[in-house]
Structure formats: C-alpha cells, structure tokens
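With compact mmCIF, C-alpha atoms inside, this is run28.txt:
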# COMPACT_ATOMS: atom_id res chain seq x y z
CA MET I 114 107.20 -24.69 -129.27
CA THR I 115 106.73 -26.36 -132.64
CA ARG I 116 104.39 -25.75 -135.56
CA LYS I 117 102.59 -28.77 -136.95
CA PRO I 118 99.02 -30.01 -137.53
CA LEU I 119 96.91 -30.53 -134.41
CA ASN I 120 96.65 -34.25 -135.09
CA ASP I 121 100.45 -34.50 -135.07
CA HIS I 122 100.61 -32.58 -131.79
CA LEU I 123 98.12 -35.01 -130.27
CA ARG I 124 99.83 -38.11 -131.62
CA ASP I 125 103.23 -36.95 -130.38
CA TYR I 126 101.84 -35.91 -127.00
CA TYR I 127 100.39 -39.37 -126.33
CA GLN I 128 103.32 -41.19 -127.93
CA GLU I 129 105.63 -39.55 -125.41
CA ARG I 130 103.53 -40.89 -122.52
CA SER I 131 104.35 -44.39 -121.38
CA LEU I 132 103.93 -46.74 -118.47
CA ARG I 133 106.56 -46.55 -115.80
CA PRO I 134 109.12 -49.31 -116.49
CA GLU I 135 108.49 -51.04 -113.15
CA VAL I 136 104.75 -51.15 -113.76
CA LEU I 137 105.23 -52.44 -117.30
CA GLN I 138 107.53 -55.14 -115.99
CA ARG I 139 105.04 -56.25 -113.37
CA LEU I 140 102.22 -56.45 -115.90
CA LEU I 141 104.40 -58.41 -118.30
CA GLU I 142 105.24 -60.83 -115.52
CA VAL I 143 101.56 -61.28 -114.79
CA GLY I 144 100.91 -61.85 -118.49
CA SER I 145 103.65 -64.43 -118.75
CA VAL I 146 101.97 -66.58 -116.09
CA GLY I 147 99.93 -68.01 -118.93
CA GLY I 148 96.86 -67.61 -121.02
CA ASP I 149 94.55 -69.78 -118.95
CA LYS I 150 91.85 -68.55 -116.61
CA SER I 151 94.00 -69.06 -113.54
CA ALA I 152 96.34 -66.38 -114.83
CA GLY I 153 93.92 -63.66 -113.84
CA ALA I 154 93.69 -64.87 -110.26
CA ALA I 155 97.44 -65.34 -110.09
CA GLY I 156 97.93 -61.92 -111.57
CA ARG I 157 95.53 -60.38 -109.15
CA ARG I 158 97.39 -61.95 -106.27
CA ARG I 159 100.68 -60.66 -107.60
CA LEU I 160 99.33 -57.19 -108.13
CA ASP I 161 97.84 -57.24 -104.67
CA LEU I 162 101.15 -58.25 -103.16
CA ARG I 163 103.19 -55.69 -105.01
CA LYS I 164 104.22 -52.55 -103.25
CA ARG I 165 102.94 -50.44 -106.03
CA ARG I 166 102.43 -47.21 -104.13
CA PRO I 167 102.95 -46.17 -100.53
CA TRP I 168 99.52 -44.59 -100.42
CA VAL I 169 97.76 -47.89 -100.97
CA MET I 170 97.85 -48.55 -97.21
CA MET I 171 96.62 -45.05 -96.54
CA ALA I 172 93.84 -45.64 -99.02
CA GLY I 173 92.80 -48.64 -96.94
CA VAL I 174 92.54 -46.49 -93.85
CA ALA I 175 90.65 -43.87 -95.83
CA ALA I 176 88.30 -46.58 -97.07
CA VAL I 177 87.45 -47.54 -93.48
CA ILE I 178 86.70 -43.91 -92.69
CA GLY I 179 84.68 -43.73 -95.89
CA ILE I 180 82.61 -46.73 -94.86
CA ALA I 181 81.91 -45.09 -91.52
CA LEU I 182 80.72 -41.96 -93.31
CA LEU I 183 78.68 -44.09 -95.66
CA VAL I 184 76.92 -45.80 -92.79
CA ALA I 185 76.29 -42.44 -91.16
CA THR I 186 74.62 -41.12 -94.29
CA ILE I 187 73.01 -44.28 -95.58
CA ALA I 188 69.54 -42.89 -95.02
CA GLY I 189 70.21 -40.06 -97.41
CA LEU I 190 71.73 -42.09 -100.22
CA GLY I 191 68.47 -42.79 -101.93
CA ASN I 192 68.02 -39.08 -102.54
CA ARG I 193 71.61 -38.46 -103.65
CA PRO I 194 71.05 -38.11 -107.42
CA LYS I 195 68.13 -35.80 -106.79
CA LEU I 196 70.15 -33.72 -104.32
CA ALA I 197 73.10 -33.55 -106.71
CA ARG I 198 70.80 -32.36 -109.45
CA THR I 199 69.30 -29.74 -107.12
CA VAL I 200 72.71 -28.45 -106.06
CA ALA I 201 73.98 -28.44 -109.66
CA ARG I 202 70.89 -26.54 -110.76
CA GLU I 203 71.42 -23.97 -108.00
CA ILE I 204 75.01 -23.46 -109.08
CA ALA I 205 74.10 -23.29 -112.78
CA SER I 206 71.43 -20.67 -112.17
CA HIS I 207 73.87 -18.48 -110.23
CA HIS I 208 76.47 -18.93 -112.97
CA VAL I 209 74.04 -17.69 -115.60
CA LYS I 210 73.28 -14.55 -113.57
CA GLN I 211 76.95 -13.54 -113.67
CA LEU I 212 76.67 -11.44 -110.51
CA ALA I 213 79.33 -8.79 -110.03
CA VAL I 214 82.63 -9.70 -108.42
CA GLU I 215 82.55 -7.80 -105.12
CA ILE I 216 85.97 -8.79 -103.83
CA PRO I 217 88.71 -8.73 -106.47
CA ALA I 218 91.57 -11.15 -105.88
CA ARG I 219 94.29 -12.74 -107.97
CA SER I 220 94.87 -15.77 -105.78
CA PHE I 221 92.89 -17.92 -103.38
CA ALA I 222 95.24 -16.85 -100.62
CA GLU I 223 94.36 -13.21 -101.26
CA LEU I 224 90.64 -13.99 -101.50
CA ARG I 225 90.80 -16.04 -98.30
CA GLU I 226 92.39 -13.11 -96.51
CA LYS I 227 89.73 -10.68 -97.74
CA MET I 228 86.80 -12.96 -96.91
CA ALA I 229 87.27 -13.20 -93.17
CA LYS I 230 83.62 -14.04 -92.48
CA LEU I 231 83.91 -17.51 -93.98
CA ASP I 232 83.79 -20.32 -91.45
CA PHE I 233 86.14 -22.44 -93.54
CA SER I 234 89.43 -22.06 -95.37
CA MET I 235 88.95 -22.20 -99.14
CA VAL I 236 91.29 -24.34 -101.19
CA ALA I 237 93.17 -23.74 -104.43
CA SER I 238 92.20 -27.04 -106.01
CA ARG I 239 94.53 -28.64 -108.55
CA ARG I 240 91.54 -28.94 -110.84
CA LEU I 241 91.58 -25.18 -111.21
CA MET I 242 95.21 -24.87 -112.28
CA ALA I 243 94.28 -23.95 -115.85
CA LEU I 244 91.99 -21.16 -114.68
CA ARG I 245 92.73 -17.62 -113.52
CA LEU I 246 90.96 -16.22 -110.46
CA VAL I 247 89.29 -12.82 -110.83
CA GLY I 248 87.62 -12.48 -107.45
CA GLY I 249 84.64 -13.57 -105.42
CA ARG I 250 81.66 -12.73 -103.25
CA TYR I 251 79.83 -14.16 -100.27
CA CYS I 252 76.85 -16.31 -101.05
CA SER I 253 75.05 -19.33 -99.69
CA LEU I 254 74.69 -22.87 -100.87
CA ARG I 255 72.11 -25.19 -99.33
CA GLY I 256 71.57 -22.56 -96.68
CA GLN I 257 75.11 -22.28 -95.46
CA ILE I 258 77.76 -19.67 -96.07
CA ALA I 259 79.78 -20.19 -99.24
CA VAL I 260 82.17 -18.39 -101.52
CA GLN I 261 81.26 -17.77 -105.13
CA ALA I 262 84.39 -17.09 -107.17
CA ARG I 263 84.81 -16.12 -110.79
CA LEU I 264 87.58 -17.62 -112.89
CA LEU I 265 88.62 -17.30 -116.51
CA ASP I 266 90.37 -19.71 -118.85
CA ASP I 267 92.97 -18.78 -121.46
CA ALA I 268 90.28 -18.40 -124.09
CA GLY I 269 88.26 -15.95 -121.99
CA GLY I 270 85.70 -18.57 -120.93
CA VAL I 271 83.98 -17.65 -117.65
CA TYR I 272 83.59 -20.15 -114.79
CA THR I 273 81.83 -19.85 -111.46
CA LEU I 274 83.27 -21.74 -108.53
CA TYR I 275 81.51 -22.53 -105.28
CA GLN I 276 83.15 -23.64 -102.08
CA THR I 277 81.41 -24.39 -98.85
CA ARG I 278 81.96 -26.53 -95.79
CA LEU I 279 81.21 -30.21 -96.36
CA THR I 280 78.15 -31.21 -94.37
CA GLU I 281 76.54 -34.59 -93.83
CA GLU I 282 73.91 -33.72 -96.39
CA LEU I 283 76.51 -33.17 -99.10
CA VAL I 284 78.76 -36.17 -98.43
CA GLY I 285 77.47 -38.24 -101.33
CA LEU I 286 78.01 -35.63 -104.03
CA ASP I 287 81.68 -36.23 -104.79
CA GLY I 288 82.24 -36.74 -108.51
CA ALA I 289 78.77 -35.75 -109.67
CA GLU I 290 78.46 -33.92 -112.95
CA ALA I 291 75.56 -32.42 -114.84
CA GLU I 292 74.72 -30.30 -117.82
CA ILE I 293 71.84 -27.93 -117.25
CA ASP I 294 70.62 -25.52 -119.91
CA GLY I 295 74.01 -25.35 -121.58
CA VAL I 296 75.94 -25.06 -118.29
CA ARG I 297 78.24 -27.86 -117.24
CA VAL I 298 78.49 -28.30 -113.47
CA GLN I 299 81.07 -30.48 -111.75
CA LEU I 300 80.81 -31.29 -108.05
CA TRP I 301 83.66 -32.66 -106.04
CA GLN I 302 85.01 -32.70 -102.52
CA GLU I 303 88.43 -32.06 -101.10
CA ALA I 304 90.00 -30.79 -97.91
CA GLY I 305 86.69 -31.07 -96.09
CA LEU I 306 84.93 -28.79 -98.54
CA GLN I 307 82.26 -29.21 -101.18
CA LEU I 308 83.26 -27.60 -104.46
CA GLY I 309 81.19 -26.91 -107.53
CA LEU I 310 82.41 -25.48 -110.82
CA ALA I 311 80.09 -24.18 -113.51
CA GLY I 312 81.05 -23.23 -117.04
CA SER I 313 79.71 -23.32 -120.55
CA ALA I 314 79.07 -26.84 -121.82
CA ASP I 315 80.49 -25.93 -125.25
CA MET L 1362 99.86 -65.20 -125.63
CA ASP L 1363 102.12 -63.08 -127.80
CA SER L 1364 105.74 -62.23 -127.29
CA ASP L 1365 106.80 -59.90 -124.53
CA GLN L 1366 107.37 -57.21 -127.12
CA ASP L 1367 103.80 -57.51 -128.44
CA MET L 1368 102.43 -57.51 -124.91
CA ALA L 1369 104.52 -54.47 -123.97
CA GLU L 1370 103.23 -52.61 -127.02
CA LEU L 1371 99.65 -53.56 -126.18
CA LEU L 1372 100.11 -52.40 -122.58
CA GLN L 1373 101.61 -49.09 -123.65
CA ARG L 1374 98.69 -48.49 -125.99
CA GLY L 1375 96.26 -49.44 -123.28
CA PHE L 1376 97.95 -46.99 -120.94
CA ARG L 1377 97.69 -44.16 -123.47
CA TYR L 1378 94.06 -44.93 -124.11
CA ALA L 1379 93.37 -44.92 -120.35
CA LEU L 1380 95.27 -41.64 -120.11
CA SER L 1381 93.03 -40.14 -122.79
CA LEU L 1382 90.07 -40.93 -120.53
CA THR L 1383 91.49 -39.90 -117.17
CA HIS L 1384 94.10 -37.27 -118.10
CA ASP L 1385 95.90 -38.53 -115.00
CA GLU L 1386 98.78 -41.00 -115.23
CA SER L 1387 98.20 -42.60 -111.85
CA ARG L 1388 94.53 -43.27 -112.57
CA ALA L 1389 95.43 -44.51 -116.05
CA GLU L 1390 97.83 -47.04 -114.56
CA ASP L 1391 95.18 -48.28 -112.15
CA LEU L 1392 92.60 -48.68 -114.90
CA LEU L 1393 95.06 -50.54 -117.09
CA GLN L 1394 96.16 -52.88 -114.33
CA ASP L 1395 92.60 -53.84 -113.44
CA ALA L 1396 91.60 -54.31 -117.07
CA TRP L 1397 94.74 -56.33 -117.79
CA VAL L 1398 94.07 -58.75 -114.97
CA ALA L 1399 90.49 -59.15 -116.23
CA VAL L 1400 91.77 -59.84 -119.75
CA LEU L 1401 94.02 -62.57 -118.42
CA ALA L 1402 91.27 -64.03 -116.28
CA ALA L 1403 89.05 -64.20 -119.34
CA GLY L 1404 91.50 -66.40 -121.19
CA GLY L 1405 94.52 -64.28 -121.93
CA THR L 1406 93.37 -62.83 -125.23
CA SER L 1407 95.68 -60.16 -126.57
CA SER L 1408 92.94 -58.31 -128.44
CA LYS L 1409 93.39 -54.56 -128.25
CA GLY L 1410 89.63 -54.06 -128.57
CA TYR L 1411 89.02 -56.33 -125.60
CA LEU L 1412 91.55 -54.49 -123.44
CA TYR L 1413 90.21 -51.08 -124.48
CA ALA L 1414 86.64 -52.16 -123.70
CA GLY L 1415 87.78 -53.30 -120.24
CA ILE L 1416 89.54 -50.01 -119.58
CA ARG L 1417 86.54 -48.05 -120.77
CA SER L 1418 83.99 -49.91 -118.67
CA ARG L 1419 86.15 -49.55 -115.58
CA PHE L 1420 86.56 -45.85 -116.21
CA ILE L 1421 82.80 -45.45 -116.39
CA ASP L 1422 82.26 -47.58 -113.28
CA ARG L 1423 84.87 -45.82 -111.25
CA TYR L 1424 84.81 -42.22 -112.28
CA ARG L 1425 81.52 -41.63 -114.03
CA ARG L 1426 79.08 -43.52 -111.88
CA GLU L 1427 77.91 -40.29 -110.36
CA ARG L 1428 77.40 -38.58 -113.67
CA LEU L 1429 73.87 -37.30 -113.75
CA VAL L 1430 73.18 -36.24 -117.29
CA VAL L 1431 74.99 -37.15 -120.46
CA ILE L 1432 74.23 -34.66 -123.15
CA GLU L 1433 74.79 -35.96 -126.66
CA SER L 1434 73.03 -33.17 -128.42
CA LEU L 1435 74.44 -33.52 -131.88
CA ASP L 1436 72.16 -35.34 -134.21
CA ALA L 1437 72.88 -37.31 -137.34
CA GLU L 1438 72.51 -34.28 -139.59
CA VAL L 1439 75.19 -32.35 -137.76
CA GLY L 1440 77.38 -35.43 -137.75
CA ALA L 1441 76.94 -35.85 -141.46
CA ALA L 1442 77.89 -32.24 -142.03
CA LEU L 1443 81.12 -32.83 -140.16
CA GLN L 1444 82.16 -35.78 -142.24
CA ALA L 1445 84.04 -33.52 -144.62
CA ARG L 1446 87.26 -33.14 -142.68
CA ALA L 1447 88.48 -29.65 -141.99
CA PRO L 1448 92.00 -28.95 -143.24
CA ASP L 1449 94.51 -29.75 -140.51
CA GLU L 1450 96.55 -26.56 -140.55
CA ALA L 1451 99.87 -26.34 -138.76
CA ILE L 1452 99.64 -24.59 -135.39
CA LEU L 1453 102.12 -23.56 -132.74
CA ALA L 1454 101.92 -25.43 -129.45
CA ASP L 1455 104.13 -26.70 -126.65
CA VAL L 1456 103.56 -29.75 -124.46
CA ALA L 1457 102.52 -27.76 -121.37
CA SER L 1458 99.91 -25.77 -123.28
CA LEU L 1459 98.56 -28.89 -124.95
CA GLU L 1460 98.35 -30.68 -121.62
CA ARG L 1461 96.43 -27.80 -120.06
CA ALA L 1462 94.11 -27.59 -123.04
CA LEU L 1463 93.47 -31.34 -123.03
CA GLY L 1464 92.61 -31.10 -119.36
CA SER L 1465 89.80 -28.69 -120.24
CA LEU L 1466 88.12 -31.18 -122.55
CA ARG L 1467 85.46 -33.66 -121.52
CA ALA L 1468 86.72 -37.23 -121.25
CA GLU L 1469 84.53 -38.21 -124.19
CA GLU L 1470 86.13 -35.55 -126.37
CA ARG L 1471 89.68 -36.52 -125.36
CA GLU L 1472 88.89 -40.18 -125.97
CA ALA L 1473 87.50 -39.52 -129.45
CA LEU L 1474 90.43 -37.27 -130.35
CA TYR L 1475 92.95 -39.79 -129.06
CA LEU L 1476 91.44 -42.70 -130.97
CA SER L 1477 91.17 -40.60 -134.10
CA ALA L 1478 94.43 -38.67 -134.11
CA ALA L 1479 96.82 -40.93 -132.20
CA GLU L 1480 95.43 -44.37 -133.05
CA GLY L 1481 94.15 -43.55 -136.52
CA TYR L 1482 90.69 -45.07 -135.93
CA SER L 1483 87.89 -44.07 -138.29
CA ALA L 1484 84.70 -42.55 -136.86
CA GLY L 1485 82.92 -45.83 -137.55
CA GLU L 1486 85.53 -47.81 -135.61
CA ILE L 1487 85.35 -45.38 -132.68
CA ALA L 1488 81.56 -45.65 -132.76
CA ALA L 1489 81.81 -49.44 -132.58
CA LEU L 1490 84.29 -49.30 -129.69
CA THR L 1491 82.45 -46.72 -127.63
CA GLY L 1492 78.88 -47.67 -128.47
CA ARG L 1493 78.03 -44.15 -129.64
CA PRO L 1494 76.34 -43.16 -132.89
CA ARG L 1495 78.82 -42.27 -135.61
CA GLY L 1496 77.41 -38.73 -135.85
CA THR L 1497 78.08 -38.21 -132.15
CA VAL L 1498 81.65 -39.42 -132.55
CA LEU L 1499 82.19 -37.00 -135.41
CA SER L 1500 80.81 -34.14 -133.36
CA LEU L 1501 82.92 -35.06 -130.32
CA ILE L 1502 86.01 -34.96 -132.51
CA HIS L 1503 84.90 -31.68 -134.06
CA ARG L 1504 84.08 -30.04 -130.72
CA GLY L 1505 87.27 -31.31 -129.14
CA ARG L 1506 89.39 -29.96 -131.97
CA GLN L 1507 87.67 -26.58 -131.90
CA LYS L 1508 88.17 -26.27 -128.15
CA LEU L 1509 91.82 -27.25 -128.38
CA LEU L 1510 92.49 -24.85 -131.24
CA ARG L 1511 90.76 -22.03 -129.36
CA LEU L 1512 92.64 -22.68 -126.13
CA LEU L 1513 95.99 -23.10 -127.84
CA ALA L 1514 95.49 -19.95 -129.90
CA ALA L 1515 94.57 -17.98 -126.77
CA GLY L 1516 97.61 -19.38 -124.97
CA ASN L 1517 99.90 -18.38 -127.82
CA VAL L 1518 98.54 -14.87 -127.94
CA GLY L 1519 99.09 -14.61 -124.21
CA ALA L 1520 102.60 -15.97 -124.50
CA GLN L 1521 103.55 -13.48 -127.21
CA ARG L 1522 102.37 -10.44 -125.28
I'd like the structure from this file rewritten - as structure tokens, please.
Amino acid sequence: MTRKPLNDHLRDYYQERSLRPEVLQRLLEVGSVGGDKSAGAAGRRRLDLRKRRPWVMMAGVAAVIGIALLVATIAGLGNRPKLARTVAREIASHHVKQLAVEIPARSFAELREKMAKLDFSMVASRRLMALRLVGGRYCSLRGQIAVQARLLDDAGGVYTLYQTRLTEELVGLDGAEAEIDGVRVQLWQEAGLQLGLAGSAD
Amino acid sequence: MDSDQDMAELLQRGFRYALSLTHDESRAEDLLQDAWVAVLAAGGTSSKGYLYAGIRSRFIDRYRRERLVVIESLDAEVGAALQARAPDEAILADVASLERALGSLRAEEREALYLSAAEGYSAGEIAALTGRPRGTVLSLIHRGRQKLLRLLAAGNVGAQR
C-alpha cells in the first residue's frame, strides 16, 4: 500500500495494464498490412481466422440459442424498454422502502439454505464481489417468487438485490439500466435468473 | 502508417481507454480489436482521437444500447464551481482496493477520470472527445473522485481494524 495523490494512483493503475503480447502482435500484424482501405478487410479476415479465445466457438453456439430465444420473444420486443422501466421502477421503489432483513445471512450459500421455498437457486454474481451480504427476505417480482437481498459496500452504501427465475417475459432485459428518483437500477441475467441491483445514484 | 513502436503505443493507449470504459480486460480487448480494424478500413489513420472515438461508439453500441435513462443532472453552474481544482492530497491505496473502487463507478465517471488523470486531457478536450458539455465532464470527474476517495478511505479503515 502506497501513499500518493489519487491522480497518481489512477495513472499508475492504468499504466500497469497492457494488452496481452499475443494480441498486440496480432494487431500490429494487421496494421502492417498497409494503410489502404483493403487493410481493414484483410485485418478482419485475419482476426476472424485467429484462434483468439476458445470460447469464441461456444459463443457461436450461444448465439444460435440466443436467436431462437429472440424469435420466441419477438412479439414482446416492442414493449421491452417500457417493461424494463417498469421492472426498474418496481425495484427502485422497494429499495427506497428499506424493508427489514428477515433472514440474516453472510453468504449467498447460507441465504440459499435458509430460503428453501424459492423455486430457483440464487447465484453469487461476480458483479457483487465488492459488496457484503447482510441478509434477505421473500418477495415477488412481476408476480413470481423472488429474493430481495440487502448488501453493503465498503463505504456503508446500501444496495438492494433482486433475483428471480428468468421467464419469457423478462428475456429482453439483460443489460438494462435506469436511474429513477436518485436510485440507480441495473438489470442483468445470468445462470437462468433475472437479477436487479438498486443503489444510490450518487 | 507509423512505426511499429508508435502503433504499439497507440494500441496500448487504446486498450487502457477501453478498459476505463469496460473495467474488464477481455471486453476491452474486443472493443480495441474491432475499432482498430475499422480504423484501418477507413484509411489507416493513426490518430488517437479517431481510435478512441471508434472504441467509444462500439462500447455504447454493445454495452449501453439497453440503457434507459442517462442522467446528466449537473448544470453549467455546478460545473463552473468545480473548475477550481481541489488539492490532490496523498492517500493510501493498494491496487486491489483501487480496482474494487473503480468497479463501483459508472463507466462515464471512470472514462472521465482516466482521460483526466492518466492521459492528462483537459476538461475541454474530454468534452470534445465525448460530446458532453464541459460542466458535465467536470462534475463526472468530481463525482468520480469523491466516490473513489470515500471507498478507499472506508477500505483503509476496515483494513486497519
């Protein structure tokens, strides 16, 4: 741990981050193809042909599944922004109420064990790594059973997390974000669940 | 095009800028690669501004398309009041704490802080690059700094207990 101005911390933090050597080399090779317009196409071909990550193939499979889901929910897409706003507003209003934590727990595993009535298995998302779980309570979101958990950050900031089973209605809400009356709400999906996190926008 | 060394430096800077937006190295690499190919396709210019603009627009397309409401509540008056820079006092921090704290910021705040602190851009230059009013840029920097200082201070207190 070192003592220096915040700007120096930031500069040093980013200065220590760099492209992986193999990626840098590939991009340099693409750049050395030439400065004409064909370079982009050539570069794109090269980048497409590279074996940049093993999960690229898996992403292709996932994309096919995604398209299938998209087709299945195409009728609801027109209402997606409105639905996302409705869900975010529901989460924000519950966050503001700060209802009591009925089931104390220090980890999602412990909370999962104590909340046996849930019809899904809640996840400890990586997005929540910087937050500390206090506990949770049963609630509902869009009419289905959900968990409402309370988390704190290092500065004492309070967050309300929702998790519920991902339904067809909610499929299009991954990545949505809103600020409602000073509450920032993030919606995302993982492990077959819809998650929503509310906290102060400041 | 420039020498390999110049290109490598430009790519590293582009990567760090993308990282300031995504706070995820894998996503930053993807953004940079796509923007780099587009730069080459457009004639191979080595302009940093051009590359940054490409990274930024791809970030918005890919990760912020679903964003519903963008709140830029700080007006010109608040921005003007922030022009007088607060003294940059020395603080204690380690890399892990800083990384966690940065992850709590909004992408816009990280971006403004990165361009200001790590790249040395003025608020006017950041405003030109990001298309935001200068007052908003100043407030993003101010808010980002305050959040970081608060989180780092809380982390240090916790660590010393």
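The shortest atom-to-atom distance to Trp1397 (chain L), with all atoms listed in the file taken into account, belongs to L:Ile1416 out of L:Ile1416, L:Ala1515, L:Val1456, L:Leu1382.
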> If you count all atoms listed in the file, which residues fall within 12 Å of Gln257 (chain I), apart from same-chain ones fewer than 4 positions away, as number ranges by chain?
Replying inline: I: 231-233, 251-253, 275-280, 282-283, 307
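Taking CA of Ala1454 (chain L) and CA of Asp125 (chain I) as the two end points, the separation is 11.6 Å.
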> Got a sec: who's within 9 Å of Ala197 (chain I), counting all atoms listed in the file, leaving out chain neighbours fewer than 5 positions off, as a PyMOL selection string?
Replying inline: (chain I and resi 192+202+283+285-286+289-291+300) or (chain L and resi 1429)
Kindly extract all protein, DNA and RNA residues lying within 12 Å of the coordinates (86.9, -13.5, -100.3) given in the file, considering only C-alpha atoms, and supply them as a compact mmCIF listing (two decimals) with C-alpha atoms, in the coordinates of the input.
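Final output, saved to selection.txt:
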# COMPACT_ATOMS: atom_id res chain seq x y z
CA VAL I 214 82.63 -9.70 -108.42
CA GLU I 215 82.55 -7.80 -105.12
CA ILE I 216 85.97 -8.79 -103.83
CA PRO I 217 88.71 -8.73 -106.47
CA ALA I 218 91.57 -11.15 -105.88
CA ARG I 219 94.29 -12.74 -107.97
CA SER I 220 94.87 -15.77 -105.78
CA PHE I 221 92.89 -17.92 -103.38
CA ALA I 222 95.24 -16.85 -100.62
CA GLU I 223 94.36 -13.21 -101.26
CA LEU I 224 90.64 -13.99 -101.50
CA ARG I 225 90.80 -16.04 -98.30
CA GLU I 226 92.39 -13.11 -96.51
CA LYS I 227 89.73 -10.68 -97.74
CA MET I 228 86.80 -12.96 -96.91
CA ALA I 229 87.27 -13.20 -93.17
CA LYS I 230 83.62 -14.04 -92.48
CA LEU I 231 83.91 -17.51 -93.98
CA ASP I 232 83.79 -20.32 -91.45
CA PHE I 233 86.14 -22.44 -93.54
CA SER I 234 89.43 -22.06 -95.37
CA MET I 235 88.95 -22.20 -99.14
CA VAL I 236 91.29 -24.34 -101.19
CA LEU I 246 90.96 -16.22 -110.46
CA VAL I 247 89.29 -12.82 -110.83
CA GLY I 248 87.62 -12.48 -107.45
CA GLY I 249 84.64 -13.57 -105.42
CA ARG I 250 81.66 -12.73 -103.25
CA TYR I 251 79.83 -14.16 -100.27
CA CYS I 252 76.85 -16.31 -101.05
CA ILE I 258 77.76 -19.67 -96.07
CA ALA I 259 79.78 -20.19 -99.24
CA VAL I 260 82.17 -18.39 -101.52
CA GLN I 261 81.26 -17.77 -105.13
CA ALA I 262 84.39 -17.09 -107.17
CA ARG I 263 84.81 -16.12 -110.79
CA TYR I 275 81.51 -22.53 -105.28
CA GLN I 276 83.15 -23.64 -102.08
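Nearest residue to chain L among I:Leu132, I:Leu212, I:Leu308, I:Val271 is I:Leu132, counting all atoms listed in the file.
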> Please, what distance in Å, to one decimal, runs between CA of Ala311 (chain I) and CA of Gln1507 (chain L)?
Replying inline: 20.0 Å
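Of note, CA of Leu310 (chain I) and CA of Ala1488 (chain L) are spaced 29.8 Å apart.
Around the point (87.1, -31.6, -125.8), within 6 Å and counting all atoms listed in the file, we find these residues: Leu1466, Arg1467, Glu1470, Arg1471, Arg1504, Gly1505 and Lys1508 of chain L.
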>> Using all atoms listed in the file, can you tell me which of L:Leu1474, L:Val1498, L:Arg1461, L:Ala1369 comes closest to Ala268 (chain I)?
In response: L:Arg1461
Listed atoms of region 1377-1390 of chain L, axis-aligned box, 3 Å per side: centre and edge lengths to one decimal in Å, as lines of an AutoDock Vina configuration file?
center_x = 94.4
center_y = -42.2
center_z = -118.0
size_x = 14.7
size_y = 15.8
size_z = 18.3
>> Here is a test: counting all atoms listed in the file, which residue of I:Asp294, I:Glu281, I:Ile204, I:Ser238 is nearest to chain L?
In response: I:Asp294
